[in-house]
>>> print(open('final_13.csv').read())   # CSV, C-alpha atoms
chain,number,residue,atom,x,y,z
A,11,MET,CA,77.8,-74.8,-14.5
A,12,PHE,CA,78.4,-76.8,-17.6
A,13,THR,CA,81.7,-78.4,-18.5
A,14,ARG,CA,83.8,-76.9,-21.3
A,15,THR,CA,83.3,-80.1,-23.3
A,16,ALA,CA,79.5,-80.0,-22.9
A,17,TYR,CA,79.4,-76.3,-23.8
A,18,ARG,CA,81.5,-76.7,-27.0
A,19,LEU,CA,79.3,-79.6,-28.2
A,20,GLY,CA,76.2,-77.7,-27.3
A,21,ALA,CA,77.4,-74.5,-29.0
A,22,LEU,CA,78.1,-76.4,-32.3
A,23,PHE,CA,74.6,-77.8,-32.2
A,24,LEU,CA,73.0,-74.5,-31.3
A,25,LEU,CA,74.8,-72.3,-33.9
A,26,ALA,CA,73.4,-74.5,-36.6
A,27,ALA,CA,70.0,-73.1,-36.3
A,28,GLY,CA,67.9,-70.2,-35.1
A,29,VAL,CA,67.9,-66.4,-34.7
A,30,SER,CA,69.1,-64.1,-32.0
A,31,LEU,CA,66.9,-63.7,-29.0
A,32,GLY,CA,66.9,-59.9,-28.9
A,33,SER,CA,65.1,-57.4,-26.8
A,34,ALA,CA,61.4,-57.0,-26.8
A,35,GLY,CA,58.9,-54.7,-25.1
A,36,ASP,CA,57.5,-56.5,-22.1
A,37,ALA,CA,54.8,-55.4,-19.7
A,38,ASP,CA,56.0,-54.3,-16.2
A,39,PRO,CA,55.3,-57.4,-14.0
A,40,ILE,CA,55.7,-55.4,-10.8
A,41,SER,CA,52.6,-53.3,-11.7
A,42,GLY,CA,50.6,-56.3,-12.8
A,43,GLY,CA,51.8,-57.0,-16.3
A,44,ARG,CA,52.4,-60.5,-17.8
A,45,SER,CA,55.4,-61.8,-19.6
A,46,ALA,CA,55.5,-61.7,-23.4
A,47,ALA,CA,55.0,-64.9,-25.3
A,48,PRO,CA,58.2,-66.5,-26.7
A,49,THR,CA,59.3,-65.4,-30.1
A,50,SER,CA,59.4,-68.0,-32.9
A,51,SER,CA,62.6,-69.4,-34.5
A,52,VAL,CA,63.1,-70.7,-38.0
A,53,PRO,CA,64.7,-74.1,-37.9
A,54,ALA,CA,67.8,-74.7,-40.0
A,55,GLU,CA,67.7,-77.2,-42.8
A,56,GLY,CA,67.8,-80.7,-41.5
A,57,VAL,CA,66.7,-79.7,-38.0
A,58,PRO,CA,63.2,-81.1,-37.3
A,59,PRO,CA,60.6,-78.3,-36.5
A,60,GLY,CA,59.9,-77.9,-32.8
A,61,ARG,CA,63.2,-79.2,-31.7
A,62,SER,CA,64.4,-76.0,-30.0
A,63,LEU,CA,64.4,-72.3,-29.8
A,64,VAL,CA,68.0,-71.4,-30.1
A,65,CYS,CA,70.3,-68.4,-29.6
A,66,LYS,CA,72.7,-67.5,-32.3
A,67,LEU,CA,75.6,-65.2,-31.9
A,68,PRO,CA,76.2,-62.4,-34.4
A,69,PRO,CA,79.0,-63.2,-37.0
A,70,SER,CA,82.5,-63.0,-35.5
A,71,SER,CA,81.1,-62.2,-32.0
A,72,ALA,CA,81.9,-64.0,-28.8
A,73,LYS,CA,79.0,-62.5,-26.9
A,74,LEU,CA,75.5,-61.1,-27.6
A,75,PRO,CA,75.2,-57.3,-27.7
A,76,ALA,CA,74.7,-55.4,-24.5
A,77,THR,CA,71.1,-54.7,-25.5
A,78,SER,CA,70.2,-58.4,-25.4
A,79,ARG,CA,67.7,-59.4,-22.8
A,80,HIS,CA,67.6,-63.2,-23.4
A,81,GLY,CA,70.3,-65.8,-24.4
A,82,LEU,CA,72.5,-68.7,-23.4
A,83,ILE,CA,74.4,-68.1,-20.2
A,84,ASP,CA,77.7,-68.1,-22.0
A,85,HIS,CA,76.5,-65.8,-24.7
A,86,LEU,CA,75.5,-63.0,-22.4
A,87,LEU,CA,77.9,-60.4,-21.0
A,88,GLN,CA,78.6,-60.9,-17.3
A,89,TYR,CA,77.5,-57.4,-16.3
A,90,PRO,CA,74.7,-55.2,-17.8
A,91,ASP,CA,75.5,-51.8,-19.3
A,92,VAL,CA,73.5,-49.7,-17.0
A,93,GLY,CA,74.1,-46.6,-19.1
A,94,LEU,CA,72.0,-48.1,-21.9
A,95,ALA,CA,68.9,-48.1,-19.7
A,96,THR,CA,66.4,-45.3,-19.5
A,97,PRO,CA,65.8,-43.5,-16.2
A,98,ARG,CA,62.5,-45.3,-15.9
A,99,GLU,CA,64.3,-48.7,-16.4
A,100,ARG,CA,66.9,-47.9,-13.9
A,101,ALA,CA,64.2,-47.0,-11.4
A,102,ARG,CA,62.5,-50.3,-12.0
A,103,ALA,CA,65.7,-52.2,-11.5
A,104,ARG,CA,66.3,-50.4,-8.2
A,105,ARG,CA,62.7,-51.2,-7.3
A,106,VAL,CA,63.2,-55.0,-8.0
A,107,LEU,CA,66.4,-55.0,-5.9
A,108,GLY,CA,64.9,-53.0,-3.1
A,109,GLN,CA,61.9,-55.2,-2.8
A,110,LEU,CA,64.1,-58.3,-2.8
A,111,VAL,CA,66.2,-56.9,0.0
A,112,ALA,CA,63.1,-56.0,2.0
A,113,ALA,CA,61.6,-59.5,1.5
A,114,ALA,CA,64.9,-61.1,2.6
A,115,ASP,CA,64.9,-58.9,5.8
A,116,THR,CA,61.2,-59.6,6.5
A,117,GLY,CA,61.4,-63.3,5.8
A,118,GLY,CA,64.7,-63.7,7.7
A,119,TRP,CA,66.1,-65.7,4.7
A,120,ARG,CA,69.7,-65.2,5.9
A,121,ASN,CA,68.7,-67.7,8.6
A,122,VAL,CA,68.5,-71.2,7.1
A,123,ARG,CA,65.7,-72.3,9.4
A,124,ALA,CA,63.6,-69.4,8.5
A,125,ALA,CA,64.3,-70.1,4.8
A,126,ALA,CA,63.2,-73.7,5.2
A,127,ARG,CA,60.0,-72.6,6.9
A,128,ALA,CA,59.3,-70.4,3.9
A,129,GLY,CA,59.4,-73.5,1.7
A,130,TYR,CA,63.0,-73.5,0.4
A,131,ASP,CA,64.9,-76.8,0.3
A,132,MET,CA,68.0,-76.2,2.4
A,133,ARG,CA,69.6,-79.6,1.9
A,134,THR,CA,73.1,-79.2,0.4
A,135,ALA,CA,75.1,-81.8,-1.5
A,136,ILE,CA,77.8,-83.8,0.3
A,137,ARG,CA,81.3,-82.5,-0.5
A,138,ASN,CA,84.1,-84.7,-1.8
A,139,PRO,CA,87.1,-85.0,0.5
A,140,GLY,CA,89.5,-82.2,0.0
A,141,ASP,CA,87.0,-80.0,-1.8
A,142,ARG,CA,87.7,-76.4,-0.6
A,143,SER,CA,85.8,-74.6,-3.3
A,144,VAL,CA,83.1,-72.0,-2.7
A,145,ARG,CA,79.8,-73.2,-4.2
A,146,TYR,CA,76.7,-71.2,-5.0
A,147,PHE,CA,73.9,-73.3,-3.5
A,148,HIS,CA,70.5,-72.8,-5.0
A,149,ALA,CA,67.9,-73.5,-2.4
A,150,GLU,CA,64.8,-74.1,-4.5
A,151,ARG,CA,61.2,-73.7,-3.5
A,152,ARG,CA,58.9,-76.6,-4.3
A,153,GLN,CA,56.8,-76.3,-7.5
A,154,GLU,CA,53.4,-74.8,-7.0
A,155,PRO,CA,50.5,-73.6,-9.1
A,156,ARG,CA,51.2,-70.3,-10.8
A,157,ARG,CA,49.2,-67.8,-8.9
A,158,ARG,CA,51.8,-65.1,-9.0
A,159,LEU,CA,53.8,-63.2,-11.6
A,160,ILE,CA,57.0,-64.8,-13.0
A,161,LEU,CA,59.1,-62.0,-11.4
A,162,ASP,CA,57.8,-61.5,-7.9
A,163,PRO,CA,60.6,-59.9,-5.8
A,164,SER,CA,58.9,-61.1,-2.6
A,165,ARG,CA,59.0,-64.8,-3.6
A,166,PRO,CA,62.0,-66.0,-5.6
A,167,LYS,CA,62.0,-69.5,-7.1
A,168,ALA,CA,65.4,-70.1,-5.3
A,169,LEU,CA,67.6,-68.4,-2.7
A,170,ILE,CA,71.3,-68.5,-3.5
A,171,TYR,CA,73.8,-69.1,-0.7
A,172,ALA,CA,77.6,-69.0,-0.7
A,173,ASN,CA,78.6,-72.5,0.5
A,174,ALA,CA,82.2,-72.4,1.7
A,175,PRO,CA,83.7,-75.3,3.7
A,176,GLY,CA,83.7,-74.8,7.4
A,177,ARG,CA,81.4,-71.7,7.1
A,178,PRO,CA,77.7,-71.2,7.6
A,179,LEU,CA,75.6,-70.6,4.4
A,180,VAL,CA,75.6,-66.9,3.5
A,181,LEU,CA,72.7,-65.5,1.5
A,182,VAL,CA,74.2,-63.8,-1.6
A,183,GLY,CA,71.4,-63.8,-4.2
A,184,ALA,CA,68.1,-65.1,-5.5
A,185,MET,CA,66.8,-66.7,-8.7
A,186,TRP,CA,63.6,-66.8,-10.7
A,187,SER,CA,62.8,-69.2,-13.5
A,188,THR,CA,60.2,-69.5,-16.2
A,189,ARG,CA,58.4,-72.7,-17.2
A,190,ASP,CA,59.1,-74.3,-20.6
A,191,GLY,CA,58.0,-71.9,-23.4
A,192,GLU,CA,57.6,-68.8,-21.2
A,193,ARG,CA,59.7,-65.7,-21.8
A,194,GLY,CA,61.0,-63.8,-18.8
A,195,PRO,CA,59.7,-60.2,-18.4
A,196,THR,CA,62.3,-57.4,-18.6
A,197,PRO,CA,60.8,-54.3,-17.0
A,198,ALA,CA,64.2,-52.9,-16.5
A,199,GLY,CA,65.3,-53.2,-20.1
A,200,ALA,CA,68.8,-54.7,-20.7
A,201,ILE,CA,69.7,-54.4,-17.0
A,202,LEU,CA,67.5,-57.3,-16.3
A,203,ARG,CA,68.5,-60.3,-18.5
A,204,TRP,CA,67.3,-63.9,-18.5
A,205,HIS,CA,69.6,-66.7,-19.4
A,206,SER,CA,69.1,-70.3,-20.5
A,207,HIS,CA,71.4,-73.4,-20.5
A,208,VAL,CA,72.4,-76.2,-22.8
A,209,VAL,CA,70.6,-79.2,-21.5
A,210,CYS,CA,69.9,-82.9,-22.2
A,211,LYS,CA,66.1,-83.0,-22.8
A,212,GLN,CA,63.9,-86.0,-23.2
A,213,GLY,CA,60.3,-85.4,-24.3
A,214,ASN,CA,58.5,-82.9,-22.1
A,215,ARG,CA,60.7,-83.6,-19.1
A,216,ARG,CA,62.7,-80.8,-17.5
A,217,GLY,CA,66.2,-80.5,-19.1
A,218,LEU,CA,69.1,-81.8,-17.1
A,219,LYS,CA,72.8,-80.8,-17.0
A,220,PRO,CA,74.8,-82.7,-19.6
A,221,PRO,CA,77.3,-85.3,-18.2
A,222,ALA,CA,81.0,-84.6,-18.4
A,223,SER,CA,81.3,-86.5,-21.7
A,224,GLY,CA,78.9,-84.0,-23.3
A,225,ARG,CA,76.8,-86.9,-24.6
A,226,CYS,CA,73.2,-87.1,-23.5
A,227,PRO,CA,71.7,-90.4,-22.3
A,228,ARG,CA,69.9,-92.5,-24.9
A,229,GLY,CA,66.6,-90.9,-25.9
A,230,ALA,CA,67.6,-87.4,-24.9
A,231,ARG,CA,69.0,-84.6,-27.1
A,232,LEU,CA,71.5,-81.8,-26.5
A,233,THR,CA,69.6,-78.6,-26.9
A,234,GLN,CA,69.0,-75.1,-25.5
A,235,GLY,CA,66.7,-75.3,-22.6
A,236,SER,CA,63.3,-73.7,-23.2
A,237,SER,CA,63.1,-72.3,-19.7
A,238,GLU,CA,64.9,-69.1,-18.6
A,239,MET,CA,66.5,-68.0,-15.3
A,240,LEU,CA,67.3,-64.6,-13.7
A,241,HIS,CA,69.8,-64.0,-11.0
A,242,VAL,CA,69.8,-61.0,-8.7
A,243,TRP,CA,72.7,-60.5,-6.2
A,244,PHE,CA,72.9,-58.7,-2.8
A,245,THR,CA,75.7,-56.3,-3.8
A,246,GLY,CA,73.9,-53.0,-3.6
A,247,ASP,CA,74.8,-51.5,-7.0
A,248,LEU,CA,72.7,-52.2,-10.1
A,249,ARG,CA,75.6,-53.3,-12.3
A,250,SER,CA,76.8,-56.2,-10.1
A,251,ALA,CA,73.3,-56.9,-8.6
A,252,PHE,CA,72.1,-58.0,-12.1
A,253,ALA,CA,75.2,-59.9,-13.1
A,254,ILE,CA,74.7,-63.2,-15.0
A,255,ARG,CA,76.9,-65.2,-12.7
A,256,ALA,CA,78.0,-64.6,-9.1
A,257,PRO,CA,79.9,-61.2,-9.2
A,258,GLU,CA,82.6,-62.4,-6.9
A,259,PRO,CA,84.7,-59.1,-6.7
A,260,GLU,CA,81.6,-57.3,-5.5
A,261,LEU,CA,80.5,-60.1,-3.2
A,262,CYS,CA,84.0,-60.0,-1.7
A,263,ALA,CA,83.8,-56.2,-1.2
A,264,GLY,CA,80.5,-56.8,0.7
A,265,GLU,CA,82.2,-59.4,2.9
A,266,LEU,CA,79.8,-62.1,1.7
A,267,LEU,CA,82.6,-64.5,0.7
A,268,PRO,CA,85.5,-65.8,2.8
A,269,ARG,CA,88.5,-63.4,3.1
A,270,GLY,CA,91.0,-66.1,2.1
A,271,TYR,CA,89.0,-66.8,-1.1
A,272,CYS,CA,88.8,-63.1,-1.9
A,273,ARG,CA,92.5,-62.6,-1.9
A,274,ARG,CA,92.5,-63.4,-5.6
A,275,PHE,CA,90.6,-60.2,-6.4
>>> encode(input="final_13.csv", output="structure tokens")
Amino acid sequence: MFTRTAYRLGALFLLAAGVSLGSAGDADPISGGRSAAPTSSVPAEGVPPGRSLVCKLPPSSAKLPATSRHGLIDHLLQYPDVGLATPRERARARRVLGQLVAAADTGGWRNVRAAARAGYDMRTAIRNPGDRSVRYFHAERRQEPRRRLILDPSRPKALIYANAPGRPLVLVGAMWSTRDGERGPTPAGAILRWHSHVVCKQGNRRGLKPPASGRCPRGARLTQGSSEMLHVWFTGDLRSAFAIRAPEPELCAGELLPRGYCRRF
């Protein structure tokens, strides 16, 4: 999550250049297709070519249209409009979700030891004293040569656990990510959306979360990251399963978050 200061600074930078990252026809990765190449962006005047591919909101809009499949995390609607999808796209979304649930059951990912054996880093950050928040811990799998498709429901890049104080980790979702310059495939139309973040980027290194000041370290620039991420949540229904951020009301309904925390919903 980015701080409000960092996001405002990033938004001012990003809105100075670029075009909307709209929908595009992608091959179905589940049946063996590959992701589409990233679209090009025309840099604004004064912005050196090659600096970034940026997402620009439509005039007088706070969010991208519901038909968008790619964009900054804060530009995309939290929930997809499932009604905009075709029957075939809804069937594909159900297939992605079903295969993920099956892989979690087969791999025993709800058990942290089994997840660690599967290659996921289960080391969590140390909490500050008095921190009672629920965090969404992303247990990432180590980088490996790309032998599989970007969106492989049986092998997410990260498993997402609800990390509540005094409570075991609870599996609530999974994440996939692209490498720099790759565009995430969207076989389920606008149900399945890929988000990017504002990052501090230096050369060809992976972008890092901006500090609280919103100012990047010397030699790094504040820009839209050129890799994309996809979240899928274990909620059961398509709308909340493909939410951009953790769909807490639905996770609470599924008893995946602490009852005390869920009283707010």
>>> atom_distance(input="final_13.csv", atom1="CA of Ala76 in chain A", atom2="CA of Tyr89 in chain A")
8.9 Å
>>> closest_residue(input="final_13.csv", among="A:Arg203, A:Arg127, A:Arg157, A:Arg145", to="Leu86 in chain A", atoms="all atoms listed in the file")
A:Arg203
>>> atom_distance(input="final_13.csv", atom1="CA of Ala198 in chain A", atom2="CA of Arg102 in chain A")
5.5 Å
>>> residues_around(input="final_13.csv", residues="Gly140 in chain A", least_positions_apart="4", cutoff="12 Å", atoms="only C-alpha atoms", output="ChimeraX atom specification")
/A:136,175-176
>>> closest_residue(input="final_13.csv", among="A:Pro259, A:Gly191, A:Gly213, A:Pro163", to="Glu238 in chain A", atoms="all atoms listed in the file")
A:Gly191
>>> residues_around(input="final_13.csv", residues="range 164-169 of chain A", least_positions_apart="3", cutoff="7 Å", atoms="only C-alpha atoms", output="JSON, numbers by chain")
{"A": [109, 110, 113, 148, 149, 150, 151, 183, 184, 185, 186, 187]}
>>> closest_residue(input="final_13.csv", among="A:Gln88, A:Thr134, A:Ser78, A:Thr188", to="Arg158 in chain A", atoms="all atoms listed in the file")
A:Thr188
>>> residues_near_point(input="final_13.csv", point="(70.7, -52.4, -12.0)", cutoff="8 Å", atoms="only C-alpha atoms", output="count of residues only")
15
>>> residues_around(input="final_13.csv", residues="Ser143 in chain A", least_positions_apart="5", cutoff="12 Å", atoms="all atoms listed in the file", output="ChimeraX atom specification")
/A:137-138,172-177,267-268,270-272
>>> residues_near_point(input="final_13.csv", point="(74.4, -64.6, -10.3)", cutoff="7 Å", atoms="only C-alpha atoms", output="list in words")
Gly183, His241, Val242, Trp243, Ala253, Ile254, Arg255, Ala256 and Pro257 of chain A
>>> atom_distance(input="final_13.csv", atom1="CA of Leu159 in chain A", atom2="CA of Lys211 in chain A")
25.9 Å
>>> closest_residue(input="final_13.csv", among="A:Ala222, A:Leu266, A:Leu161, A:Cys210", to="Val106 in chain A", atoms="all atoms listed in the file")
A:Leu161
>>> closest_residue(input="final_13.csv", among="A:Leu218, A:Cys226, A:Val111, A:Ile160", to="Arg193 in chain A", atoms="only C-alpha atoms")
A:Ile160
>>> residues_around(input="final_13.csv", residues="Ala128 in chain A", least_positions_apart="2", cutoff="9 Å", atoms="all atoms listed in the file", output="PDB file with C-alpha atoms, in the coordinates of the input")
ATOM      1  CA  GLY A 117      61.400 -63.300   5.800  1.00  0.00           C
ATOM      2  CA  TRP A 119      66.100 -65.700   4.700  1.00  0.00           C
ATOM      3  CA  ARG A 123      65.700 -72.300   9.400  1.00  0.00           C
ATOM      4  CA  ALA A 124      63.600 -69.400   8.500  1.00  0.00           C
ATOM      5  CA  ALA A 125      64.300 -70.100   4.800  1.00  0.00           C
ATOM      6  CA  ALA A 126      63.200 -73.700   5.200  1.00  0.00           C
ATOM      7  CA  TYR A 130      63.000 -73.500   0.400  1.00  0.00           C
ATOM      8  CA  ARG A 151      61.200 -73.700  -3.500  1.00  0.00           C
TER       9      ARG A 151
END
>>> closest_residue(input="final_13.csv", among="A:Val208, A:Ala263, A:Val180, A:Leu87", to="Ser236 in chain A", atoms="only C-alpha atoms")
A:Val208
